[in-house]
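Single-structure report; data block below.
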Amino acid sequence: MKSQLGQILRFGLVGGVNTGTFFVLYLLLHPHMPYFAAYTLAFVLAMVGSFFMNTYFTYRTKPTWKKFLLFPLTNITNYVIQSVGLLLLVDWAGMNEKIAPLVAAVIAIPFTYVISRRILIPGTDAAPAADPAGPEPQRSSTSSASTV
C-alpha cells in the first residue's frame, strides 16, 4: 500500500510537469494554428515525455517498445475526456481558449493514472480489493496452474 501511495504521489508530480509541458507547448503552437490543432499536437508531444517520466520515475519500470506502443492507447481515454472537456468549456461554457485545456487536463488525471498503471506495470489489471479473505486468493492462484 505504501508503494502505491508513492506511485500516486510521483504520478501527481509527473502529471504536473507533463501538464505544464503540454500547456507551454499549446501556448507556443496556438498563435500558429487553430486552437484544436495546437491542442492535439501539444498533447501528442507531451505524451511522449509522459511515457518516459512515468516509466522511469513514477512506476520505476523499464521502458520497452511494447509499452511505448501501448502507452498511447492508455491516453485515448485521457484524450477523449480532455477533448470533450475542451470543446464543452470553450464552445458551450465560453471559457478562454488559453485556460480551458488546463482545466480539461486536471479533470482527466484520475482516469489517466488507472489506465497508465495497468499498461506500465503488468499484472495490475484490477485494483487491490479490501477483501477480508485476502490471503486466500494468493494460495489458490499459486496452486492452480490452469488460471490464465
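Residue numbering restarts at 1 in every chain; chains get A, B, ... in the order shown in the C-alpha cells, and ligands count up from 1 in that same order.
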
Determine, using only C-alpha atoms, which residues of range 2-24 of chain A have any atom at most 8 Å from an atom of range 44-52 of chain A, and tabulate each with its shortest atom pair and distance in Å to one decimal place, rows ordered by chain and then rising number, as a Markdown table.
```
| residue | atom | partner | partner_atom | distance |
| --- | --- | --- | --- | --- |
| A:Val14 | CA | A:Ser50 | CA | 7.3 |
| A:Gly15 | CA | A:Ser50 | CA | 7.7 |
| A:Asn18 | CA | A:Ser50 | CA | 6.0 |
| A:Thr19 | CA | A:Ala46 | CA | 7.8 |
| A:Thr21 | CA | A:Ala46 | CA | 6.3 |
| A:Phe22 | CA | A:Ala46 | CA | 5.3 |
```

Generate the output file for the selected residues, N, CA and C atoms, as a compact mmCIF listing (two decimals), in the first residue's frame.
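As written to disk, part-v1.txt reads:
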```
# COMPACT_ATOMS: atom_id res chain seq x y z
N VAL A 14 4.60 13.96 -11.81
CA VAL A 14 4.81 13.82 -13.26
C VAL A 14 3.66 14.45 -14.02
N GLY A 15 2.46 14.25 -13.54
CA GLY A 15 1.29 14.85 -14.18
C GLY A 15 1.37 16.36 -14.19
N ASN A 18 4.05 17.24 -16.71
CA ASN A 18 3.54 16.96 -18.04
C ASN A 18 2.47 17.97 -18.46
N THR A 19 1.60 18.31 -17.53
CA THR A 19 0.56 19.29 -17.83
C THR A 19 1.18 20.66 -18.13
N THR A 21 4.20 21.13 -19.32
CA THR A 21 4.83 21.00 -20.63
C THR A 21 3.80 21.12 -21.74
N PHE A 22 2.70 20.39 -21.57
CA PHE A 22 1.61 20.44 -22.54
C PHE A 22 1.11 21.87 -22.71
```

Proximity to Pro101 in chain A - best of A:Pro63, A:Gly20, A:Pro122, A:Pro31, only C-alpha atoms: A:Gly20

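Residues in contact with Ala42 in chain A at 8 Å, where only C-alpha atoms are counted and same-chain residues fewer than 6 positions away are skipped, are listed as Phe22, Phe23, Leu25, Tyr26 and Leu29 of chain A.
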
Please dump the current selection as a CSV table (one decimal), in the first residue's frame; keep N, CA, C and O atoms.
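Dumped everything to part14.csv:
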```csv
chain,number,residue,atom,x,y,z
A,22,PHE,N,2.7,20.4,-21.6
A,22,PHE,CA,1.6,20.4,-22.5
A,22,PHE,C,1.1,21.9,-22.7
A,22,PHE,O,0.9,22.4,-23.8
A,23,PHE,N,0.9,22.6,-21.6
A,23,PHE,CA,0.3,23.9,-21.6
A,23,PHE,C,1.3,24.9,-22.3
A,23,PHE,O,0.8,25.7,-23.2
A,25,LEU,N,3.6,24.1,-24.6
A,25,LEU,CA,3.6,23.8,-26.0
A,25,LEU,C,2.3,24.3,-26.6
A,25,LEU,O,2.4,24.8,-27.8
A,26,TYR,N,1.2,24.1,-26.0
A,26,TYR,CA,-0.1,24.6,-26.5
A,26,TYR,C,0.0,26.2,-26.8
A,26,TYR,O,-0.4,26.6,-27.8
A,29,LEU,N,2.2,26.9,-29.7
A,29,LEU,CA,1.6,26.5,-31.0
A,29,LEU,C,0.4,27.3,-31.4
A,29,LEU,O,0.1,27.5,-32.6
```

When you look at Tyr113 in chain A with a cut-off of 10 Å (counting only C-alpha atoms), what residues show up, excluding the ones that are within fewer than 4 positions of it in the same chain? I need them as a PDB file with N, CA and C atoms, in the first residue's frame.
```pdb
ATOM      1  N   GLN A   7       3.610   5.800  -5.660  1.00  0.00           N
ATOM      2  CA  GLN A   7       3.329   5.894  -7.095  1.00  0.00           C
ATOM      3  C   GLN A   7       2.321   6.993  -7.386  1.00  0.00           C
ATOM      4  N   ILE A   8       1.302   7.073  -6.559  1.00  0.00           N
ATOM      5  CA  ILE A   8       0.278   8.099  -6.765  1.00  0.00           C
ATOM      6  C   ILE A   8       0.882   9.495  -6.621  1.00  0.00           C
ATOM      7  N   PHE A  11       3.081  10.062  -9.590  1.00  0.00           N
ATOM      8  CA  PHE A  11       2.222  10.274 -10.750  1.00  0.00           C
ATOM      9  C   PHE A  11       1.693  11.708 -10.767  1.00  0.00           C
ATOM     10  N   GLY A  12       1.309  12.188  -9.585  1.00  0.00           N
ATOM     11  CA  GLY A  12       0.830  13.572  -9.484  1.00  0.00           C
ATOM     12  C   GLY A  12       1.910  14.570  -9.865  1.00  0.00           C
ATOM     13  N   GLY A  15       2.458  14.248 -13.536  1.00  0.00           N
ATOM     14  CA  GLY A  15       1.291  14.845 -14.179  1.00  0.00           C
ATOM     15  C   GLY A  15       1.374  16.363 -14.194  1.00  0.00           C
ATOM     16  N   ASN A  54       6.900   8.567 -16.675  1.00  0.00           N
ATOM     17  CA  ASN A  54       6.153   7.567 -15.923  1.00  0.00           C
ATOM     18  C   ASN A  54       6.883   6.238 -15.823  1.00  0.00           C
ATOM     19  N   THR A  74      -3.395   3.995 -23.690  1.00  0.00           N
ATOM     20  CA  THR A  74      -3.828   4.373 -22.343  1.00  0.00           C
ATOM     21  C   THR A  74      -4.302   5.816 -22.316  1.00  0.00           C
ATOM     22  N   ASN A  75      -3.796   6.598 -23.236  1.00  0.00           N
ATOM     23  CA  ASN A  75      -4.152   8.012 -23.270  1.00  0.00           C
ATOM     24  C   ASN A  75      -5.372   8.311 -24.121  1.00  0.00           C
ATOM     25  N   ASN A  78      -7.882   9.549 -21.804  1.00  0.00           N
ATOM     26  CA  ASN A  78      -7.458  10.884 -21.396  1.00  0.00           C
ATOM     27  C   ASN A  78      -7.742  11.888 -22.512  1.00  0.00           C
ATOM     28  N   ALA A 108      -9.067  15.011 -16.190  1.00  0.00           N
ATOM     29  CA  ALA A 108      -8.716  13.685 -16.720  1.00  0.00           C
ATOM     30  C   ALA A 108      -7.674  12.928 -15.899  1.00  0.00           C
ATOM     31  N   ILE A 109      -7.025  13.550 -14.931  1.00  0.00           N
ATOM     32  CA  ILE A 109      -5.911  12.940 -14.197  1.00  0.00           C
ATOM     33  C   ILE A 109      -6.246  11.587 -13.563  1.00  0.00           C
ATOM     34  N   ARG A 117      -1.154   2.859 -15.186  1.00  0.00           N
ATOM     35  CA  ARG A 117      -0.652   1.833 -14.246  1.00  0.00           C
ATOM     36  C   ARG A 117      -0.875   0.441 -14.818  1.00  0.00           C
ATOM     37  N   ARG A 118      -2.018   0.229 -15.413  1.00  0.00           N
ATOM     38  CA  ARG A 118      -2.324  -1.087 -15.981  1.00  0.00           C
ATOM     39  C   ARG A 118      -1.428  -1.431 -17.156  1.00  0.00           C
TER      40      ARG A 118
END
```

Spatial neighbours of Thr55 in chain A, max dist 10 Å, only C-alpha atoms, sep filter under 2 positions, as a PyMOL selection string: chain A and resi 50-53+57-64+67-68+116-117+120-121

Among the residues A:Leu73, A:Lys2, A:Gly16, A:Val103, the one that comes closest to Leu88 in chain A [using only C-alpha atoms]: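 Once distances to Leu88 in chain A are computed over only C-alpha atoms, the minimum belongs to A:Val103.
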
DSSP-assigned alpha helix (DSSP H) among range 55-129 of chain A, expressed as a PyMOL selection string: chain A and resi 65-87+100-120
